[in-house]
Amino acid sequence: LAVETLGSTTVICTDKTGTLTKNEMTVQKIWTDDKIFDISGTGYGTEGKFSIGGKNVVLEKERNLNLLLKSALLCNNASLEKVGEKMEIIGDPTEAALIVAGAKANLWKDELSERCQRIEEIVFTSERKLMTTVCKVGDKKTAFVKGAPEFVLEKCKFIEKNGKIEKLTKEEITD
């Protein structure tokens with residue numbers, strides 16, 4: 001049956017990132033504060049650097065990049081474990097790629113999760129296209145959301161750009 005199906009195939013779509021060949025994904029670029037950060041390294045190795053235009057970035061000075069990575073770690077159900085010399089994942093490859101991106105910025109999911117206790121989760125669904133976690137630090141609760149950008153932005157009233165809070169316009173949601 002599989003051979004018959006393959007025989008009638010006219011188009012095969014594939015990628016070159018290792019998703020199909022190794023079941024690995026890699027975050028290579030992050031956009032925030034109108035800047036595109038390049039991230040070196042491939043697969044689930046935690047070695048890599050953040051740069052813009054070939055110049056290494058001082059991560060401590062990139063507040064929104066750090067917030068984005070922390071959100072990606074706290075709104076995440078995968079884990080990364082060292083097995084011998086290799087890093088292996090438990091869970092979704094997309095979520096694992098986010099954990100690796102955080103590790104490259106010296107942000108570790110386990111350490112962050114200890115400080116930020118998850119108290120609630122709304123799972124990702126194909127209809128909602130979002131995942132939400134609520135975490136507690138001290139007596140403060142914070143919601144972390146990840147998902148399809150148009151669905152995340154649809155729920156936002158404000159956006160922070162370069163240290164300034166601005167009202168989000170409909171044009172920004174659709175751009």
# chains A, B, ... in the order shown; residues from 1 in each chain; ligands from 1

$ residues_around --residues "Val100 in chain A" --least-positions-apart "4" --cutoff "9 Å" --atoms "only C-alpha atoms" --output "MDAnalysis selection string"
chainID A and resid 26:27 43:47 80 95:96 104:105 108

$ write_last_selection --atoms "all heavy atoms" --output "mmCIF file, in the first residue's frame"
data_model
loop_
_atom_site.group_PDB
_atom_site.id
_atom_site.type_symbol
_atom_site.label_atom_id
_atom_site.label_comp_id
_atom_site.auth_asym_id
_atom_site.auth_seq_id
_atom_site.Cartn_x
_atom_site.Cartn_y
_atom_site.Cartn_z
ATOM 1 N N THR A 26 16.473 23.284 14.684
ATOM 2 C CA THR A 26 17.416 24.257 15.220
ATOM 3 C C THR A 26 16.855 25.656 15.023
ATOM 4 O O THR A 26 16.449 25.993 13.917
ATOM 5 C CB THR A 26 18.783 24.160 14.499
ATOM 6 O OG1 THR A 26 19.250 22.815 14.579
ATOM 7 C CG2 THR A 26 19.801 25.084 15.113
ATOM 8 N N VAL A 27 16.851 26.447 16.083
ATOM 9 C CA VAL A 27 16.498 27.862 15.955
ATOM 10 C C VAL A 27 17.727 28.563 15.393
ATOM 11 O O VAL A 27 18.805 28.502 15.989
ATOM 12 C CB VAL A 27 16.097 28.481 17.315
ATOM 13 C CG1 VAL A 27 15.813 29.969 17.153
ATOM 14 C CG2 VAL A 27 14.900 27.763 17.911
ATOM 15 N N GLY A 43 21.506 21.307 15.364
ATOM 16 C CA GLY A 43 20.984 20.177 16.119
ATOM 17 C C GLY A 43 20.733 20.550 17.563
ATOM 18 O O GLY A 43 20.390 21.681 17.881
ATOM 19 N N TYR A 44 20.922 19.579 18.457
ATOM 20 C CA TYR A 44 20.633 19.802 19.866
ATOM 21 C C TYR A 44 21.881 20.085 20.696
ATOM 22 O O TYR A 44 21.837 20.027 21.914
ATOM 23 C CB TYR A 44 19.853 18.621 20.431
ATOM 24 C CG TYR A 44 18.488 18.489 19.785
ATOM 25 C CD1 TYR A 44 18.004 17.259 19.373
ATOM 26 C CD2 TYR A 44 17.697 19.612 19.577
ATOM 27 C CE1 TYR A 44 16.761 17.151 18.784
ATOM 28 C CE2 TYR A 44 16.458 19.509 18.976
ATOM 29 C CZ TYR A 44 15.989 18.271 18.582
ATOM 30 O OH TYR A 44 14.765 18.179 17.991
ATOM 31 N N GLY A 45 22.972 20.431 20.031
ATOM 32 C CA GLY A 45 24.160 20.857 20.765
ATOM 33 C C GLY A 45 23.924 22.237 21.361
ATOM 34 O O GLY A 45 23.349 23.109 20.712
ATOM 35 N N THR A 46 24.357 22.451 22.591
ATOM 36 C CA THR A 46 24.069 23.710 23.280
ATOM 37 C C THR A 46 25.155 24.761 23.084
ATOM 38 O O THR A 46 25.094 25.830 23.691
ATOM 39 C CB THR A 46 23.850 23.463 24.793
ATOM 40 O OG1 THR A 46 25.003 22.824 25.331
ATOM 41 C CG2 THR A 46 22.623 22.597 25.019
ATOM 42 N N GLU A 47 26.121 24.485 22.223
ATOM 43 C CA GLU A 47 27.162 25.465 21.917
ATOM 44 C C GLU A 47 26.675 26.330 20.768
ATOM 45 O O GLU A 47 26.223 25.828 19.745
ATOM 46 C CB GLU A 47 28.465 24.768 21.520
ATOM 47 C CG GLU A 47 29.072 23.933 22.627
ATOM 48 C CD GLU A 47 29.469 24.757 23.832
ATOM 49 O OE1 GLU A 47 30.042 25.855 23.648
ATOM 50 O OE2 GLU A 47 29.198 24.318 24.965
ATOM 51 N N LEU A 80 15.689 18.271 27.694
ATOM 52 C CA LEU A 80 16.926 17.954 27.005
ATOM 53 C C LEU A 80 17.841 17.284 28.015
ATOM 54 O O LEU A 80 18.025 17.790 29.114
ATOM 55 C CB LEU A 80 17.537 19.266 26.515
ATOM 56 C CG LEU A 80 18.658 19.256 25.515
ATOM 57 C CD1 LEU A 80 18.222 18.601 24.215
ATOM 58 C CD2 LEU A 80 19.120 20.673 25.240
ATOM 59 N N GLU A 95 9.802 22.236 20.532
ATOM 60 C CA GLU A 95 10.040 22.707 21.894
ATOM 61 C C GLU A 95 11.485 22.461 22.311
ATOM 62 O O GLU A 95 12.085 23.288 22.993
ATOM 63 C CB GLU A 95 9.061 22.052 22.867
ATOM 64 C CG GLU A 95 7.645 22.562 22.688
ATOM 65 C CD GLU A 95 6.711 22.175 23.822
ATOM 66 O OE1 GLU A 95 6.995 21.201 24.555
ATOM 67 O OE2 GLU A 95 5.699 22.871 23.986
ATOM 68 N N ALA A 96 12.058 21.348 21.888
ATOM 69 C CA ALA A 96 13.460 21.062 22.200
ATOM 70 C C ALA A 96 14.374 22.107 21.561
ATOM 71 O O ALA A 96 15.346 22.555 22.185
ATOM 72 C CB ALA A 96 13.827 19.665 21.732
ATOM 73 N N LYS A 104 21.907 28.168 24.696
ATOM 74 C CA LYS A 104 22.973 28.922 24.016
ATOM 75 C C LYS A 104 23.108 30.332 24.585
ATOM 76 O O LYS A 104 24.153 30.956 24.460
ATOM 77 C CB LYS A 104 22.707 28.972 22.510
ATOM 78 C CG LYS A 104 22.902 27.620 21.838
ATOM 79 C CD LYS A 104 22.531 27.669 20.374
ATOM 80 C CE LYS A 104 22.686 26.288 19.734
ATOM 81 N NZ LYS A 104 22.290 26.288 18.318
ATOM 82 N N ALA A 105 22.033 30.819 25.219
ATOM 83 C CA ALA A 105 22.057 32.125 25.887
ATOM 84 C C ALA A 105 22.309 31.967 27.384
ATOM 85 O O ALA A 105 22.101 32.896 28.156
ATOM 86 C CB ALA A 105 20.743 32.856 25.640
ATOM 87 N N TRP A 108 18.768 28.109 31.343
ATOM 88 C CA TRP A 108 18.521 26.687 31.459
ATOM 89 C C TRP A 108 17.113 26.452 31.982
ATOM 90 O O TRP A 108 16.727 27.006 33.016
ATOM 91 C CB TRP A 108 19.572 26.036 32.345
ATOM 92 C CG TRP A 108 20.929 26.247 31.758
ATOM 93 C CD1 TRP A 108 21.791 27.264 32.036
ATOM 94 C CD2 TRP A 108 21.545 25.466 30.733
ATOM 95 N NE1 TRP A 108 22.917 27.148 31.253
ATOM 96 C CE2 TRP A 108 22.798 26.058 30.451
ATOM 97 C CE3 TRP A 108 21.168 24.314 30.029
ATOM 98 C CZ2 TRP A 108 23.677 25.546 29.494
ATOM 99 C CZ3 TRP A 108 22.049 23.804 29.085
ATOM 100 C CH2 TRP A 108 23.276 24.411 28.826
#

$ residues_around --residues "Pro93 in chain A" --least-positions-apart "4" --cutoff "8 Å" --atoms "only C-alpha atoms" --output "number ranges by chain"
A: 23-25, 78, 89, 97

$ residues_around --residues "Leu67 in chain A" --least-positions-apart "6" --cutoff "12 Å" --atoms "only C-alpha atoms" --output "ChimeraX atom specification"
/A:32-33,59-61,73-75,102,105,107,112,144-145,160

$ write_last_selection --atoms "C-alpha atoms" --output "mmCIF file, in the first residue's frame"
data_model
loop_
_atom_site.group_PDB
_atom_site.id
_atom_site.type_symbol
_atom_site.label_atom_id
_atom_site.label_comp_id
_atom_site.auth_asym_id
_atom_site.auth_seq_id
_atom_site.Cartn_x
_atom_site.Cartn_y
_atom_site.Cartn_z
ATOM 1 C CA THR A 32 12.734 41.083 18.369
ATOM 2 C CA ASP A 33 13.110 44.851 18.841
ATOM 3 C CA LEU A 59 23.061 39.018 25.762
ATOM 4 C CA GLU A 60 22.726 40.819 29.096
ATOM 5 C CA LYS A 61 21.933 44.029 27.184
ATOM 6 C CA LEU A 73 11.466 27.873 28.170
ATOM 7 C CA LEU A 74 8.636 28.340 30.653
ATOM 8 C CA CYS A 75 5.947 27.640 28.045
ATOM 9 C CA GLY A 102 17.833 29.221 25.582
ATOM 10 C CA ALA A 105 22.057 32.125 25.887
ATOM 11 C CA LEU A 107 19.300 30.171 30.177
ATOM 12 C CA LEU A 112 14.272 28.726 35.448
ATOM 13 C CA PHE A 144 3.665 32.962 29.212
ATOM 14 C CA VAL A 145 2.306 32.325 25.721
ATOM 15 C CA GLU A 160 7.265 46.610 23.878
#

$ atom_distance --atom1 "CA of Lys82 in chain A" --atom2 "CA of Cys135 in chain A"
26.3 Å

$ residues_around --residues "Gly53 in chain A" --least-positions-apart "2" --cutoff "12 Å" --atoms "only C-alpha atoms" --output "PDB file with N, CA and C atoms, in the first residue's frame"
ATOM      1  N   LYS A  29      17.352  31.904  13.750  1.00  0.00           N
ATOM      2  CA  LYS A  29      17.139  33.349  13.783  1.00  0.00           C
ATOM      3  C   LYS A  29      16.010  33.670  14.745  1.00  0.00           C
ATOM      4  N   LYS A  35      15.263  43.778  15.362  1.00  0.00           N
ATOM      5  CA  LYS A  35      16.587  43.232  15.080  1.00  0.00           C
ATOM      6  C   LYS A  35      16.449  41.735  14.809  1.00  0.00           C
ATOM      7  N   ILE A  36      17.277  41.245  13.909  1.00  0.00           N
ATOM      8  CA  ILE A  36      17.319  39.809  13.639  1.00  0.00           C
ATOM      9  C   ILE A  36      18.612  39.260  14.234  1.00  0.00           C
ATOM     10  N   PHE A  37      18.442  38.378  15.212  1.00  0.00           N
ATOM     11  CA  PHE A  37      19.576  37.733  15.866  1.00  0.00           C
ATOM     12  C   PHE A  37      19.846  36.412  15.162  1.00  0.00           C
ATOM     13  N   ASP A  38      21.080  36.206  14.732  1.00  0.00           N
ATOM     14  CA  ASP A  38      21.497  34.921  14.174  1.00  0.00           C
ATOM     15  C   ASP A  38      22.021  34.076  15.322  1.00  0.00           C
ATOM     16  N   ILE A  39      21.724  32.763  15.279  1.00  0.00           N
ATOM     17  CA  ILE A  39      22.177  31.849  16.325  1.00  0.00           C
ATOM     18  C   ILE A  39      22.980  30.741  15.654  1.00  0.00           C
ATOM     19  N   PHE A  50      25.001  34.184  19.740  1.00  0.00           N
ATOM     20  CA  PHE A  50      24.019  35.092  19.169  1.00  0.00           C
ATOM     21  C   PHE A  50      24.780  36.252  18.530  1.00  0.00           C
ATOM     22  N   SER A  51      24.402  36.617  17.318  1.00  0.00           N
ATOM     23  CA  SER A  51      25.076  37.717  16.639  1.00  0.00           C
ATOM     24  C   SER A  51      24.078  38.479  15.776  1.00  0.00           C
ATOM     25  N   LYS A  55      28.432  40.270  14.193  1.00  0.00           N
ATOM     26  CA  LYS A  55      29.025  40.743  15.458  1.00  0.00           C
ATOM     27  C   LYS A  55      28.313  40.081  16.618  1.00  0.00           C
ATOM     28  N   ASN A  56      29.090  39.479  17.539  1.00  0.00           N
ATOM     29  CA  ASN A  56      28.505  38.830  18.718  1.00  0.00           C
ATOM     30  C   ASN A  56      27.730  39.845  19.551  1.00  0.00           C
ATOM     31  N   VAL A  57      26.651  39.359  20.148  1.00  0.00           N
ATOM     32  CA  VAL A  57      25.754  40.198  20.933  1.00  0.00           C
ATOM     33  C   VAL A  57      26.041  40.004  22.416  1.00  0.00           C
TER      34      VAL A  57
END

$ select_by_dssp --residues "range 115-155 of chain A" --states "helix (DSSP H, G or I)" --output "count of residues only"
7

$ atom_distance --atom1 "CA of Asn64 in chain A" --atom2 "CA of Asp139 in chain A"
23.0 Å

$ atom_distance --atom1 "CA of Asn77 in chain A" --atom2 "CA of Ala143 in chain A"
15.2 Å

$ closest_residue --among "A:Asn66, A:Ser71, A:Thr94, A:Ser40" --to "Asn106 in chain A" --atoms "only C-alpha atoms"
A:Asn66

$ residues_around --residues "Arg115 in chain A" --least-positions-apart "4" --cutoff "10 Å" --atoms "only C-alpha atoms" --output "MDAnalysis selection string"
chainID A and resid 110:111 135:138

$ write_last_selection --atoms "N, CA, C and O atoms" --output "short mmCIF file (atom, residue, chain, number, x, y, z; two decimals), in the first residue's frame"
data_model
loop_
_atom_site.label_atom_id
_atom_site.label_comp_id
_atom_site.auth_asym_id
_atom_site.auth_seq_id
_atom_site.Cartn_x
_atom_site.Cartn_y
_atom_site.Cartn_z
N ASP A 110 15.57 23.95 33.45
CA ASP A 110 15.42 23.38 34.79
C ASP A 110 15.62 24.44 35.87
O ASP A 110 14.84 24.53 36.82
N GLU A 111 16.65 25.26 35.72
CA GLU A 111 16.92 26.31 36.71
C GLU A 111 15.80 27.34 36.74
O GLU A 111 15.35 27.77 37.79
N CYS A 135 2.85 30.97 35.65
CA CYS A 135 3.90 30.64 36.60
C CYS A 135 3.85 31.63 37.76
O CYS A 135 3.44 32.77 37.60
N LYS A 136 4.29 31.14 38.90
CA LYS A 136 4.29 31.96 40.12
C LYS A 136 5.72 32.15 40.60
O LYS A 136 6.48 31.20 40.72
N VAL A 137 6.07 33.42 40.82
CA VAL A 137 7.35 33.77 41.42
C VAL A 137 7.02 34.63 42.62
O VAL A 137 6.48 35.73 42.48
N GLY A 138 7.29 34.09 43.80
CA GLY A 138 6.87 34.79 45.02
C GLY A 138 5.35 34.85 45.05
O GLY A 138 4.68 33.84 44.93
#

$ residues_around --residues "Thr125 in chain A" --least-positions-apart "5" --cutoff "12 Å" --atoms "only C-alpha atoms" --output "compact mmCIF listing (two decimals) with all heavy atoms, in the first residue's frame"
# COMPACT_ATOMS: atom_id res chain seq x y z
N LEU A 130 -2.12 28.21 20.24
CA LEU A 130 -1.37 28.82 21.33
C LEU A 130 -1.17 27.82 22.45
O LEU A 130 -1.99 26.93 22.63
CB LEU A 130 -2.13 30.00 21.94
CG LEU A 130 -2.50 31.18 21.08
CD1 LEU A 130 -3.46 32.09 21.82
CD2 LEU A 130 -1.26 31.95 20.69
N MET A 131 -0.10 27.99 23.19
CA MET A 131 0.08 27.31 24.47
C MET A 131 0.29 28.40 25.50
O MET A 131 0.99 29.37 25.24
CB MET A 131 1.30 26.39 24.44
CG MET A 131 1.59 25.74 25.78
SD MET A 131 3.13 24.78 25.72
CE MET A 131 3.14 24.11 27.36
N THR A 132 -0.32 28.25 26.67
CA THR A 132 -0.19 29.22 27.74
C THR A 132 0.17 28.50 29.03
O THR A 132 -0.41 27.47 29.34
CB THR A 132 -1.51 30.00 27.95
OG1 THR A 132 -1.92 30.57 26.71
CG2 THR A 132 -1.35 31.10 28.98
N LYS A 146 3.08 31.03 23.84
CA LYS A 146 3.81 30.83 22.59
C LYS A 146 2.84 30.25 21.59
O LYS A 146 1.87 29.57 21.95
CB LYS A 146 5.03 29.95 22.77
CG LYS A 146 4.73 28.50 22.91
CD LYS A 146 5.99 27.66 22.76
CE LYS A 146 5.56 26.23 22.68
NZ LYS A 146 6.09 25.33 23.59
N GLY A 147 3.07 30.54 20.32
CA GLY A 147 2.19 30.02 19.29
C GLY A 147 2.34 30.79 18.00
O GLY A 147 3.31 31.53 17.80
N ALA A 148 1.37 30.63 17.13
CA ALA A 148 1.37 31.31 15.84
C ALA A 148 1.32 32.82 16.08
O ALA A 148 0.46 33.30 16.83
CB ALA A 148 0.17 30.85 15.01
N PHE A 151 -1.97 34.72 16.11
CA PHE A 151 -2.86 34.39 17.22
C PHE A 151 -2.38 35.01 18.53
O PHE A 151 -3.18 35.42 19.35
CB PHE A 151 -3.01 32.87 17.35
CG PHE A 151 -3.89 32.28 16.29
CD1 PHE A 151 -3.39 32.01 15.03
CD2 PHE A 151 -5.23 32.01 16.53
CE1 PHE A 151 -4.19 31.49 14.03
CE2 PHE A 151 -6.05 31.49 15.54
CZ PHE A 151 -5.52 31.22 14.29

$ select_by_dssp --residues "range 18-78 of chain A" --states "strand (DSSP E)" --output "compact mmCIF listing (two decimals) with N, CA, C and O atoms, in the first residue's frame"
# COMPACT_ATOMS: atom_id res chain seq x y z
N LYS A 29 17.35 31.90 13.75
CA LYS A 29 17.14 33.35 13.78
C LYS A 29 16.01 33.67 14.74
O LYS A 29 15.05 32.92 14.84
N ILE A 30 16.15 34.79 15.44
CA ILE A 30 15.09 35.31 16.31
C ILE A 30 14.94 36.79 15.99
O ILE A 30 15.94 37.52 15.91
N TRP A 31 13.71 37.23 15.82
CA TRP A 31 13.44 38.64 15.55
C TRP A 31 12.76 39.26 16.76
O TRP A 31 11.72 38.76 17.21
N THR A 32 13.35 40.30 17.30
CA THR A 32 12.73 41.08 18.37
C THR A 32 13.37 42.47 18.37
O THR A 32 14.53 42.62 17.97
N LYS A 35 15.26 43.78 15.36
CA LYS A 35 16.59 43.23 15.08
C LYS A 35 16.45 41.74 14.81
O LYS A 35 15.63 41.07 15.42
N ILE A 36 17.28 41.24 13.91
CA ILE A 36 17.32 39.81 13.64
C ILE A 36 18.61 39.26 14.23
O ILE A 36 19.71 39.65 13.84
N PHE A 37 18.44 38.38 15.21
CA PHE A 37 19.58 37.73 15.87
C PHE A 37 19.85 36.41 15.16
O PHE A 37 18.93 35.60 15.00
N ASP A 38 21.08 36.21 14.73
CA ASP A 38 21.50 34.92 14.17
C ASP A 38 22.02 34.08 15.32
O ASP A 38 22.70 34.59 16.22
N ILE A 39 21.72 32.76 15.28
CA ILE A 39 22.18 31.85 16.32
C ILE A 39 22.98 30.74 15.65
O ILE A 39 22.47 30.04 14.78
N PHE A 50 25.00 34.18 19.74
CA PHE A 50 24.02 35.09 19.17
C PHE A 50 24.78 36.25 18.53
O PHE A 50 25.71 36.80 19.14
N SER A 51 24.40 36.62 17.32
CA SER A 51 25.08 37.72 16.64
C SER A 51 24.08 38.48 15.78
O SER A 51 22.99 38.00 15.46
N ILE A 52 24.48 39.69 15.43
CA ILE A 52 23.74 40.52 14.47
C ILE A 52 24.76 40.99 13.45
O ILE A 52 25.75 41.63 13.81
N LYS A 55 28.43 40.27 14.19
CA LYS A 55 29.02 40.74 15.46
C LYS A 55 28.31 40.08 16.62
O LYS A 55 27.08 40.11 16.70
N ASN A 56 29.09 39.48 17.54
CA ASN A 56 28.51 38.83 18.72
C ASN A 56 27.73 39.84 19.55
O ASN A 56 28.12 41.01 19.65

$ decode --residues "range 151-167 of chain A" --atoms "N, CA and C atoms" --output "mmCIF file, in the first residue's frame"
data_model
loop_
_atom_site.group_PDB
_atom_site.id
_atom_site.type_symbol
_atom_site.label_atom_id
_atom_site.label_comp_id
_atom_site.auth_asym_id
_atom_site.auth_seq_id
_atom_site.Cartn_x
_atom_site.Cartn_y
_atom_site.Cartn_z
ATOM 1 N N PHE A 151 -1.971 34.724 16.111
ATOM 2 C CA PHE A 151 -2.862 34.386 17.217
ATOM 3 C C PHE A 151 -2.379 35.011 18.526
ATOM 4 N N VAL A 152 -1.058 35.072 18.708
ATOM 5 C CA VAL A 152 -0.513 35.722 19.901
ATOM 6 C C VAL A 152 -0.809 37.219 19.846
ATOM 7 N N LEU A 153 -0.498 37.849 18.709
ATOM 8 C CA LEU A 153 -0.701 39.293 18.584
ATOM 9 C C LEU A 153 -2.170 39.681 18.682
ATOM 10 N N GLU A 154 -3.043 38.809 18.218
ATOM 11 C CA GLU A 154 -4.481 39.067 18.297
ATOM 12 C C GLU A 154 -4.944 39.264 19.745
ATOM 13 N N LYS A 155 -4.240 38.668 20.689
ATOM 14 C CA LYS A 155 -4.614 38.748 22.103
ATOM 15 C C LYS A 155 -3.911 39.890 22.826
ATOM 16 N N CYS A 156 -3.040 40.600 22.133
ATOM 17 C CA CYS A 156 -2.253 41.670 22.760
ATOM 18 C C CYS A 156 -2.879 43.045 22.526
ATOM 19 N N LYS A 157 -2.754 43.894 23.545
ATOM 20 C CA LYS A 157 -3.162 45.287 23.415
ATOM 21 C C LYS A 157 -1.946 46.200 23.293
ATOM 22 N N PHE A 158 -0.819 45.759 23.873
ATOM 23 C CA PHE A 158 0.392 46.561 23.882
ATOM 24 C C PHE A 158 1.568 45.703 23.422
ATOM 25 N N ILE A 159 2.604 46.391 22.963
ATOM 26 C CA ILE A 159 3.832 45.728 22.550
ATOM 27 C C ILE A 159 5.007 46.557 23.071
ATOM 28 N N GLU A 160 6.068 45.884 23.448
ATOM 29 C CA GLU A 160 7.265 46.610 23.878
ATOM 30 C C GLU A 160 8.262 46.589 22.740
ATOM 31 N N LYS A 161 8.702 47.784 22.353
ATOM 32 C CA LYS A 161 9.715 47.914 21.308
ATOM 33 C C LYS A 161 10.834 48.790 21.843
ATOM 34 N N ASN A 162 12.025 48.250 21.848
ATOM 35 C CA ASN A 162 13.203 49.007 22.261
ATOM 36 C C ASN A 162 13.001 49.724 23.597
ATOM 37 N N GLY A 163 12.401 49.026 24.549
ATOM 38 C CA GLY A 163 12.240 49.567 25.896
ATOM 39 C C GLY A 163 11.025 50.458 26.093
ATOM 40 N N LYS A 164 10.221 50.642 25.067
ATOM 41 C CA LYS A 164 9.034 51.495 25.181
ATOM 42 C C LYS A 164 7.775 50.671 24.955
ATOM 43 N N ILE A 165 6.773 50.885 25.813
ATOM 44 C CA ILE A 165 5.488 50.211 25.674
ATOM 45 C C ILE A 165 4.610 51.051 24.750
ATOM 46 N N GLU A 166 4.085 50.403 23.713
ATOM 47 C CA GLU A 166 3.236 51.101 22.742
ATOM 48 C C GLU A 166 1.938 50.334 22.567
ATOM 49 N N LYS A 167 0.888 51.059 22.226
ATOM 50 C CA LYS A 167 -0.379 50.422 21.900
ATOM 51 C C LYS A 167 -0.190 49.703 20.571
#
